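Structure file coords-v1.cif with mmCIF, C-alpha atoms and all ligand atoms:
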```
data_data
loop_
_atom_site.label_atom_id
_atom_site.label_comp_id
_atom_site.auth_asym_id
_atom_site.auth_seq_id
_atom_site.Cartn_x
_atom_site.Cartn_y
_atom_site.Cartn_z
CA MET A 1 -20.20 9.97 17.63
CA SER A 2 -19.42 6.25 17.55
CA LYS A 3 -16.13 5.08 19.01
CA ILE A 4 -15.12 3.77 15.56
CA ILE A 5 -15.52 7.19 13.93
CA GLU A 6 -13.81 8.88 16.86
CA ASP A 7 -10.80 6.55 16.44
CA LEU A 8 -10.65 7.11 12.68
CA ASN A 9 -10.78 10.88 13.13
CA TRP A 10 -8.08 10.69 15.82
CA ARG A 11 -5.57 9.09 13.49
CA TYR A 12 -3.67 10.96 10.81
CA ALA A 13 -0.54 10.27 8.82
CA VAL A 14 2.09 11.45 11.30
CA ASP A 15 4.79 13.71 9.92
CA GLN A 16 6.92 13.98 13.06
CA PHE A 17 7.20 11.26 15.68
CA ASP A 18 8.50 11.81 19.21
CA PRO A 19 11.60 9.57 19.17
CA SER A 20 11.62 9.30 22.98
CA LYS A 21 8.27 7.47 23.16
CA LYS A 22 8.13 3.72 22.61
CA VAL A 23 5.23 1.36 21.94
CA SER A 24 4.91 -1.18 24.76
CA GLU A 25 5.49 -4.89 24.20
CA GLU A 26 1.84 -5.55 25.07
CA ASN A 27 0.52 -3.09 22.48
CA LEU A 28 2.99 -4.33 19.88
CA ASN A 29 1.72 -7.86 20.45
CA THR A 30 -1.86 -6.69 19.91
CA ILE A 31 -0.84 -5.13 16.58
CA LEU A 32 0.97 -8.33 15.56
CA GLU A 33 -2.09 -10.42 16.43
CA ALA A 34 -4.29 -8.05 14.40
CA PHE A 35 -1.92 -8.68 11.50
CA ARG A 36 -2.21 -12.45 12.02
CA LEU A 37 -6.01 -12.15 11.85
CA VAL A 38 -6.03 -10.26 8.55
CA PRO A 39 -8.27 -11.93 5.97
CA SER A 40 -6.71 -12.86 2.62
CA SER A 41 -7.82 -14.46 -0.65
CA TYR A 42 -8.41 -18.18 0.00
CA GLY A 43 -6.80 -17.57 3.39
CA LEU A 44 -3.37 -17.93 1.83
CA GLN A 45 -1.76 -15.11 3.86
CA PRO A 46 0.99 -14.53 1.28
CA LEU A 47 2.49 -11.98 3.65
CA LYS A 48 5.28 -11.28 6.09
CA LEU A 49 5.51 -8.40 8.55
CA LEU A 50 8.96 -7.06 9.38
CA VAL A 51 9.34 -5.20 12.69
CA ILE A 52 12.47 -3.08 12.56
CA GLU A 53 14.12 -1.41 15.55
CA ASN A 54 17.82 -1.74 14.69
CA PRO A 55 19.13 1.89 14.51
CA SER A 56 21.84 1.32 11.90
CA LEU A 57 19.44 -0.57 9.64
CA LEU A 58 16.86 2.21 10.12
CA SER A 59 19.34 4.88 9.06
CA GLU A 60 20.19 2.88 5.95
CA LEU A 61 16.48 2.60 5.19
CA LEU A 62 16.08 6.37 5.72
CA SER A 63 18.46 7.06 2.84
CA VAL A 64 16.17 5.07 0.49
CA SER A 65 12.94 6.54 1.94
CA TYR A 66 13.35 10.02 0.43
CA ASN A 67 14.64 11.07 3.86
CA GLN A 68 11.22 10.79 5.45
CA ARG A 69 12.22 11.09 9.11
CA GLN A 70 9.31 8.97 10.34
CA VAL A 71 11.45 5.94 9.43
CA VAL A 72 14.02 6.72 12.14
CA ASP A 73 11.97 8.69 14.67
CA CYS A 74 9.22 6.09 15.08
CA SER A 75 9.15 3.48 17.81
CA HIS A 76 9.02 0.53 15.38
CA LEU A 77 9.14 0.52 11.61
CA LEU A 78 6.71 -2.04 10.22
CA VAL A 79 7.23 -3.18 6.64
CA ILE A 80 4.47 -5.28 5.11
CA CYS A 81 5.86 -7.67 2.53
CA ALA A 82 4.17 -10.05 0.10
CA TYR A 83 5.26 -13.26 -1.59
CA ASP A 84 6.47 -12.95 -5.18
CA GLU A 85 4.71 -16.18 -6.10
CA ILE A 86 2.50 -18.88 -4.62
CA THR A 87 3.92 -22.31 -5.25
CA GLU A 88 2.44 -25.80 -4.92
CA PRO A 89 4.08 -26.43 -1.49
CA ILE A 90 2.56 -23.16 -0.20
CA ILE A 91 -0.91 -24.37 -1.20
CA GLU A 92 -0.22 -27.75 0.41
CA ASP A 93 0.82 -26.00 3.63
CA LEU A 94 -2.53 -24.15 3.67
CA ILE A 95 -4.42 -27.42 3.22
CA LEU A 96 -2.49 -28.97 6.10
CA LEU A 97 -3.03 -25.93 8.33
CA THR A 98 -6.77 -25.96 7.57
CA SER A 99 -7.10 -29.69 8.19
CA THR A 100 -5.37 -29.31 11.56
CA ALA A 101 -7.27 -26.17 12.63
CA GLN A 102 -10.67 -27.53 11.59
CA ASP A 103 -10.04 -31.19 12.33
CA LYS A 104 -10.56 -32.36 8.74
CA SER A 105 -8.59 -35.13 7.07
CA PRO A 106 -6.30 -33.85 4.27
CA GLU A 107 -7.92 -36.50 2.02
CA SER A 108 -11.34 -34.87 2.50
CA MET A 109 -9.79 -31.64 1.19
CA GLU A 110 -8.27 -33.22 -1.89
CA ARG A 111 -10.78 -31.71 -4.33
CA TYR A 112 -10.42 -28.26 -2.83
CA SER A 113 -6.65 -28.60 -2.93
CA ALA A 114 -6.77 -29.57 -6.63
CA PHE A 115 -9.07 -26.60 -7.32
CA LEU A 116 -6.67 -24.17 -5.60
CA LYS A 117 -3.67 -25.53 -7.48
CA ARG A 118 -5.51 -25.43 -10.82
CA THR A 119 -6.68 -21.86 -10.27
CA ILE A 120 -3.66 -20.27 -8.63
CA LEU A 121 -0.77 -21.98 -10.38
CA ALA A 122 -2.24 -20.96 -13.75
CA MET A 123 -1.84 -17.27 -12.95
CA LYS A 124 0.74 -15.21 -14.83
CA PRO A 125 3.74 -14.41 -12.57
CA ASP A 126 3.14 -10.66 -12.63
CA ASP A 127 -0.61 -11.03 -11.93
CA MET A 128 0.23 -13.30 -9.01
CA LYS A 129 2.73 -10.81 -7.60
CA GLN A 130 0.19 -7.97 -7.87
CA TRP A 131 -2.53 -10.13 -6.30
CA ASN A 132 -0.28 -10.94 -3.34
CA ALA A 133 0.65 -7.29 -2.95
CA ARG A 134 -3.03 -6.33 -2.77
CA GLN A 135 -3.38 -8.53 0.32
CA ALA A 136 -0.73 -6.36 1.98
CA TYR A 137 -3.00 -3.32 1.76
CA ILE A 138 -5.73 -5.15 3.65
CA ALA A 139 -3.14 -5.75 6.37
CA LEU A 140 -2.22 -2.07 6.29
CA GLY A 141 -5.85 -1.11 6.90
CA HIS A 142 -6.11 -3.49 9.84
CA ILE A 143 -2.89 -2.17 11.36
CA LEU A 144 -3.87 1.49 10.94
CA HIS A 145 -7.23 0.93 12.61
CA THR A 146 -5.81 -1.25 15.38
CA CYS A 147 -3.19 1.42 16.14
CA ALA A 148 -5.86 4.13 16.24
CA GLN A 149 -7.90 2.11 18.72
CA LEU A 150 -4.81 1.77 20.91
CA ARG A 151 -4.05 5.51 20.49
CA ILE A 152 -0.79 4.62 18.79
CA ASP A 153 0.23 6.83 15.90
CA SER A 154 1.20 5.57 12.48
CA THR A 155 2.06 6.68 8.95
CA PRO A 156 1.17 4.57 5.94
CA MET A 157 4.15 4.94 3.60
CA GLU A 158 4.74 3.99 0.01
CA GLY A 159 7.40 6.63 -0.45
CA PHE A 160 10.48 4.42 -0.42
CA GLN A 161 12.62 2.63 -2.98
CA LYS A 162 11.23 -0.88 -2.98
CA ASP A 163 14.21 -2.58 -4.64
CA ALA A 164 16.61 -0.96 -2.16
CA TYR A 165 14.43 -2.03 0.79
CA ASP A 166 14.33 -5.58 -0.58
CA GLU A 167 18.13 -5.67 -0.77
CA LEU A 168 18.73 -4.11 2.67
CA LEU A 169 16.17 -6.39 4.31
CA GLY A 170 17.49 -9.52 2.62
CA LEU A 171 14.24 -10.25 0.78
CA THR A 172 15.64 -10.52 -2.74
CA GLY A 173 15.73 -14.14 -3.87
CA HIS A 174 13.58 -15.26 -0.90
CA ASN A 175 10.17 -15.05 -2.57
CA LEU A 176 9.37 -11.79 -0.76
CA HIS A 177 9.13 -8.13 -1.68
CA SER A 178 8.30 -5.03 0.33
CA VAL A 179 4.92 -3.46 -0.43
CA VAL A 180 4.15 -0.76 2.10
CA ALA A 181 5.79 0.57 5.25
CA CYS A 182 4.11 1.79 8.42
CA PRO A 183 6.18 3.50 11.09
CA ILE A 184 4.34 3.40 14.43
CA GLY A 185 4.92 5.38 17.63
CA TYR A 186 3.73 8.60 19.18
CA ARG A 187 3.22 12.01 17.54
CA SER A 188 5.55 14.85 18.45
CA ASP A 189 3.98 17.96 20.04
CA GLN A 190 5.74 19.84 17.22
CA ASP A 191 3.89 17.98 14.46
CA THR A 192 1.65 20.66 12.98
CA GLN A 193 -0.19 18.09 10.83
CA GLN A 194 -2.15 16.94 13.88
CA HIS A 195 -4.04 20.25 14.06
CA LEU A 196 -5.19 20.25 10.43
CA PRO A 197 -8.78 19.28 9.63
CA LYS A 198 -9.23 16.07 7.67
CA VAL A 199 -9.46 16.44 3.90
CA ARG A 200 -12.11 14.02 2.64
CA LYS A 201 -14.69 14.07 -0.16
CA PRO A 202 -18.32 14.29 0.93
CA LEU A 203 -20.06 10.94 1.33
CA ASN A 204 -22.40 11.51 -1.61
CA GLU A 205 -19.40 11.58 -3.98
CA LEU A 206 -18.02 8.37 -2.57
CA VAL A 207 -21.08 6.19 -2.11
CA ASP A 208 -23.88 5.18 -4.48
CA PHE A 209 -26.85 3.19 -3.25
CA TYR A 210 -28.66 0.53 -5.29
CA ARG A 211 -31.91 0.03 -3.43
C1 LIG B 1 -0.78 3.56 0.61
C2 LIG B 1 -0.41 4.89 1.22
C3 LIG B 1 0.87 5.41 1.00
C4 LIG B 1 1.25 6.62 1.61
N1 LIG B 1 2.55 7.05 1.51
C5 LIG B 1 2.94 8.12 2.24
C6 LIG B 1 4.32 8.50 2.30
O1 LIG B 1 5.20 7.88 1.70
N2 LIG B 1 4.65 9.57 3.09
C7 LIG B 1 3.71 10.27 3.80
O2 LIG B 1 4.09 11.22 4.51
N3 LIG B 1 2.40 9.93 3.75
C8 LIG B 1 2.01 8.88 3.01
N4 LIG B 1 0.69 8.51 3.00
C9 LIG B 1 -0.28 9.27 3.82
C10 LIG B 1 -1.37 9.98 3.01
O3 LIG B 1 -0.84 11.12 2.39
C11 LIG B 1 -2.51 10.30 3.98
O4 LIG B 1 -2.98 9.10 4.53
C12 LIG B 1 -3.68 11.04 3.29
O5 LIG B 1 -3.27 12.29 2.85
C13 LIG B 1 -4.85 11.18 4.22
O6 LIG B 1 -4.53 11.86 5.40
P1 LIG B 1 -4.64 11.24 6.86
O7 LIG B 1 -4.05 9.84 6.79
O8 LIG B 1 -3.76 12.14 7.69
O9 LIG B 1 -6.05 11.23 7.28
C14 LIG B 1 0.30 7.34 2.38
C15 LIG B 1 -0.99 6.81 2.54
C16 LIG B 1 -1.33 5.60 2.01
C17 LIG B 1 -2.72 5.03 2.27
#
```
Turn this file's structure into structure tokens for me.
Ligand SMILES: Cc1cc2nc3c(=O)[nH]c(=O)nc-3n(C[C@H](O)[C@H](O)[C@H](O)COP(=O)(O)O)c2cc1C
Amino acid sequence: MSKIIEDLNWRYAVDQFDPSKKVSEENLNTILEAFRLVPSSYGLQPLKLLVIENPSLLSELLSVSYNQRQVVDCSHLLVICAYDEITEPIIEDLILLTSTAQDKSPESMERYSAFLKRTILAMKPDDMKQWNARQAYIALGHILHTCAQLRIDSTPMEGFQKDAYDELLGLTGHNLHSVVACPIGYRSDQDTQQHLPKVRKPLNELVDFYR
């Protein structure tokens, strides 16, 4: 079996973390760099990753996470957030970042910049918010796979009250909203979920070929 498939079979959505086990700084940095390398539409990266370790904040978050204990028993609670909207200065920042990284003059990117502004700023606010949130799920996928490769456990989690998270994390009014959480750490020996076979549809129901 390929290493990729082995890693993806190793991971599962952890129900019970071992609170005594912590993710090392080195591994955490690898996960953060994987997040930085996530692709996004037009490369806009309309995202922010929150890394939460503060115990009193975690217990407040637990109360708005339907008491899912992973939030407090994990090593680090990651919360992937997306921008509410993309504004003109955000597009200009991307142009500047690109011109610096790829040694292009901002003037040579003027037409591209105008195209981005024309296309993106015309979006309806709700469509833009949803579009940004979709980028967060690409980040989630990267993080889940990176963790599996590092043999770090994780739980993708949408089961929390988004508005309450936004308030507790100080996102409201700052052009950010929480999209999906991902506690990371190490599975408890007591977590019976780890012994259950994966539940997945057969490939022929999921894939159609056009040859
Ligand atoms: C976007 C998303 C949200 C999820 N939210 C929760 C959640 O709030 N709580 C939970 O225990 N599991 C949650 N899960 C885990 C799924 O139930 C789990 O990934 C699925 O059943 C497949 O099992 P596996 O990940 O163990 O292979 C979520 C998964 C995804 C991808």
Ligand LIG 1 (chain B): which residues are within 7 Å, counting only C-alpha atoms and all ligand atoms, as a short mmCIF file (atom, residue, chain, number, x, y, z; two decimals) with C-alpha atoms, in the coordinates of the input?
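Done, and the output landed in out-v9.cif:
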```cif
data_model
loop_
_atom_site.label_atom_id
_atom_site.label_comp_id
_atom_site.auth_asym_id
_atom_site.auth_seq_id
_atom_site.Cartn_x
_atom_site.Cartn_y
_atom_site.Cartn_z
CA ARG A 11 -5.57 9.09 13.49
CA TYR A 12 -3.67 10.96 10.81
CA ALA A 13 -0.54 10.27 8.82
CA VAL A 14 2.09 11.45 11.30
CA ASP A 15 4.79 13.71 9.92
CA THR A 155 2.06 6.68 8.95
CA PRO A 156 1.17 4.57 5.94
CA MET A 157 4.15 4.94 3.60
CA GLU A 158 4.74 3.99 0.01
CA GLY A 159 7.40 6.63 -0.45
CA PHE A 160 10.48 4.42 -0.42
CA VAL A 180 4.15 -0.76 2.10
CA LYS A 198 -9.23 16.07 7.67
CA VAL A 199 -9.46 16.44 3.90
#
```
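Here CA of Lys22 in chain A stands at a distance of 4.9 Å from CA of Ser75 in chain A.
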Which one is closest to Thr146 in chain A: A:Glu110, A:Glu60, A:Glu26, A:Asp7? Count all atoms listed in the file.
A:Asp7
Range 27-34 of chain A environment, 9 Å, only C-alpha atoms, sequence neighbours closer than 4 positions dropped, as a VMD selection string
chain A and resid 23 38 49 76 139 142 to 143 146 to 147 150 152
Given the selection you just returned, output its residues as a file containing C-alpha atoms, formatted as a PDB file, in the frame of the given file.
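For reference, part_19.pdb as written:
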```pdb
ATOM      1  CA  VAL A  23       5.230   1.360  21.940  1.00  0.00           C
ATOM      2  CA  VAL A  38      -6.030 -10.260   8.550  1.00  0.00           C
ATOM      3  CA  LEU A  49       5.510  -8.400   8.550  1.00  0.00           C
ATOM      4  CA  HIS A  76       9.020   0.530  15.380  1.00  0.00           C
ATOM      5  CA  ALA A 139      -3.140  -5.750   6.370  1.00  0.00           C
ATOM      6  CA  HIS A 142      -6.110  -3.490   9.840  1.00  0.00           C
ATOM      7  CA  ILE A 143      -2.890  -2.170  11.360  1.00  0.00           C
ATOM      8  CA  THR A 146      -5.810  -1.250  15.380  1.00  0.00           C
ATOM      9  CA  CYS A 147      -3.190   1.420  16.140  1.00  0.00           C
ATOM     10  CA  LEU A 150      -4.810   1.770  20.910  1.00  0.00           C
ATOM     11  CA  ILE A 152      -0.790   4.620  18.790  1.00  0.00           C
TER      12      ILE A 152
END
```
Output as AutoDock Vina command-line options the centre and edge lengths (Å, one decimal) of the box along x, y and z of the file that holds every listed atom of range 115-126 of chain A after adding 3 Å on each side.
```
--center_x -2.7 --center_y -18.6 --center_z -10.2 --size_x 18.8 --size_y 21.9 --size_z 15.2
```
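With distances taken over all atoms listed in the file, A:Ile184 is the one residue among A:Leu168, A:Leu121, A:Leu206, A:Ile184 lying closest to Val51 in chain A.
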For Leu62 in chain A: contacts at 12 Å, all atoms listed in the file, fewer than 2 positions along chain excluded, given as a short mmCIF file (atom, residue, chain, number, x, y, z; two decimals) with C-alpha atoms, in the coordinates of the input:
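Result file out14.cif:
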```cif
data_model
loop_
_atom_site.label_atom_id
_atom_site.label_comp_id
_atom_site.auth_asym_id
_atom_site.auth_seq_id
_atom_site.Cartn_x
_atom_site.Cartn_y
_atom_site.Cartn_z
CA PRO A 55 19.13 1.89 14.51
CA SER A 56 21.84 1.32 11.90
CA LEU A 57 19.44 -0.57 9.64
CA LEU A 58 16.86 2.21 10.12
CA SER A 59 19.34 4.88 9.06
CA GLU A 60 20.19 2.88 5.95
CA VAL A 64 16.17 5.07 0.49
CA SER A 65 12.94 6.54 1.94
CA TYR A 66 13.35 10.02 0.43
CA ASN A 67 14.64 11.07 3.86
CA GLN A 68 11.22 10.79 5.45
CA ARG A 69 12.22 11.09 9.11
CA GLN A 70 9.31 8.97 10.34
CA VAL A 71 11.45 5.94 9.43
CA VAL A 72 14.02 6.72 12.14
CA ASP A 73 11.97 8.69 14.67
CA CYS A 74 9.22 6.09 15.08
CA LEU A 77 9.14 0.52 11.61
CA GLY A 159 7.40 6.63 -0.45
CA PHE A 160 10.48 4.42 -0.42
CA GLN A 161 12.62 2.63 -2.98
CA ALA A 164 16.61 -0.96 -2.16
CA TYR A 165 14.43 -2.03 0.79
CA LEU A 168 18.73 -4.11 2.67
CA ALA A 181 5.79 0.57 5.25
CA PRO A 183 6.18 3.50 11.09
#
```
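The interatomic distance for the pair CA of Ser63 in chain A and CA of Asp18 in chain A works out to 19.7 Å.
Comparing the minimum interatomic distances between Ser188 in chain A and each of A:Asn54, A:Gln16, A:Gln45, A:Thr119, counting all atoms listed in the file, we find that A:Gln16 sits nearest.
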Would you mind writing range 105-122 of chain A with N, CA and C atoms, as a short mmCIF file (atom, residue, chain, number, x, y, z; two decimals), keeping the file's coordinate frame?
```
data_model
loop_
_atom_site.label_atom_id
_atom_site.label_comp_id
_atom_site.auth_asym_id
_atom_site.auth_seq_id
_atom_site.Cartn_x
_atom_site.Cartn_y
_atom_site.Cartn_z
N SER A 105 -9.70 -34.33 7.60
CA SER A 105 -8.59 -35.13 7.07
C SER A 105 -8.12 -34.47 5.77
N PRO A 106 -6.79 -34.45 5.52
CA PRO A 106 -6.30 -33.85 4.27
C PRO A 106 -6.94 -34.50 3.05
N GLU A 107 -7.29 -35.80 3.16
CA GLU A 107 -7.92 -36.50 2.02
C GLU A 107 -9.27 -35.86 1.69
N SER A 108 -10.02 -35.46 2.74
CA SER A 108 -11.34 -34.87 2.50
C SER A 108 -11.21 -33.50 1.81
N MET A 109 -9.98 -32.95 1.81
CA MET A 109 -9.79 -31.64 1.19
C MET A 109 -9.13 -31.75 -0.17
N GLU A 110 -9.00 -32.97 -0.65
CA GLU A 110 -8.27 -33.22 -1.89
C GLU A 110 -8.84 -32.43 -3.08
N ARG A 111 -10.18 -32.41 -3.18
CA ARG A 111 -10.78 -31.71 -4.33
C ARG A 111 -10.54 -30.21 -4.25
N TYR A 112 -10.66 -29.70 -3.02
CA TYR A 112 -10.42 -28.26 -2.83
C TYR A 112 -8.96 -27.92 -3.14
N SER A 113 -8.07 -28.79 -2.69
CA SER A 113 -6.65 -28.60 -2.93
C SER A 113 -6.37 -28.57 -4.44
N ALA A 114 -6.96 -29.50 -5.17
CA ALA A 114 -6.77 -29.57 -6.63
C ALA A 114 -7.32 -28.30 -7.29
N PHE A 115 -8.46 -27.83 -6.77
CA PHE A 115 -9.07 -26.60 -7.32
C PHE A 115 -8.12 -25.40 -7.10
N LEU A 116 -7.58 -25.29 -5.89
CA LEU A 116 -6.67 -24.17 -5.60
C LEU A 116 -5.45 -24.22 -6.52
N LYS A 117 -4.88 -25.40 -6.65
CA LYS A 117 -3.67 -25.53 -7.48
C LYS A 117 -3.98 -25.16 -8.94
N ARG A 118 -5.12 -25.68 -9.43
CA ARG A 118 -5.51 -25.43 -10.82
C ARG A 118 -5.69 -23.92 -11.04
N THR A 119 -6.35 -23.27 -10.10
CA THR A 119 -6.68 -21.86 -10.27
C THR A 119 -5.44 -20.97 -10.09
N ILE A 120 -4.73 -21.21 -9.01
CA ILE A 120 -3.66 -20.27 -8.63
C ILE A 120 -2.39 -20.48 -9.46
N LEU A 121 -2.03 -21.73 -9.66
CA LEU A 121 -0.77 -21.98 -10.38
C LEU A 121 -0.85 -21.60 -11.85
N ALA A 122 -2.08 -21.37 -12.35
CA ALA A 122 -2.24 -20.96 -13.75
C ALA A 122 -2.07 -19.44 -13.93
#
```
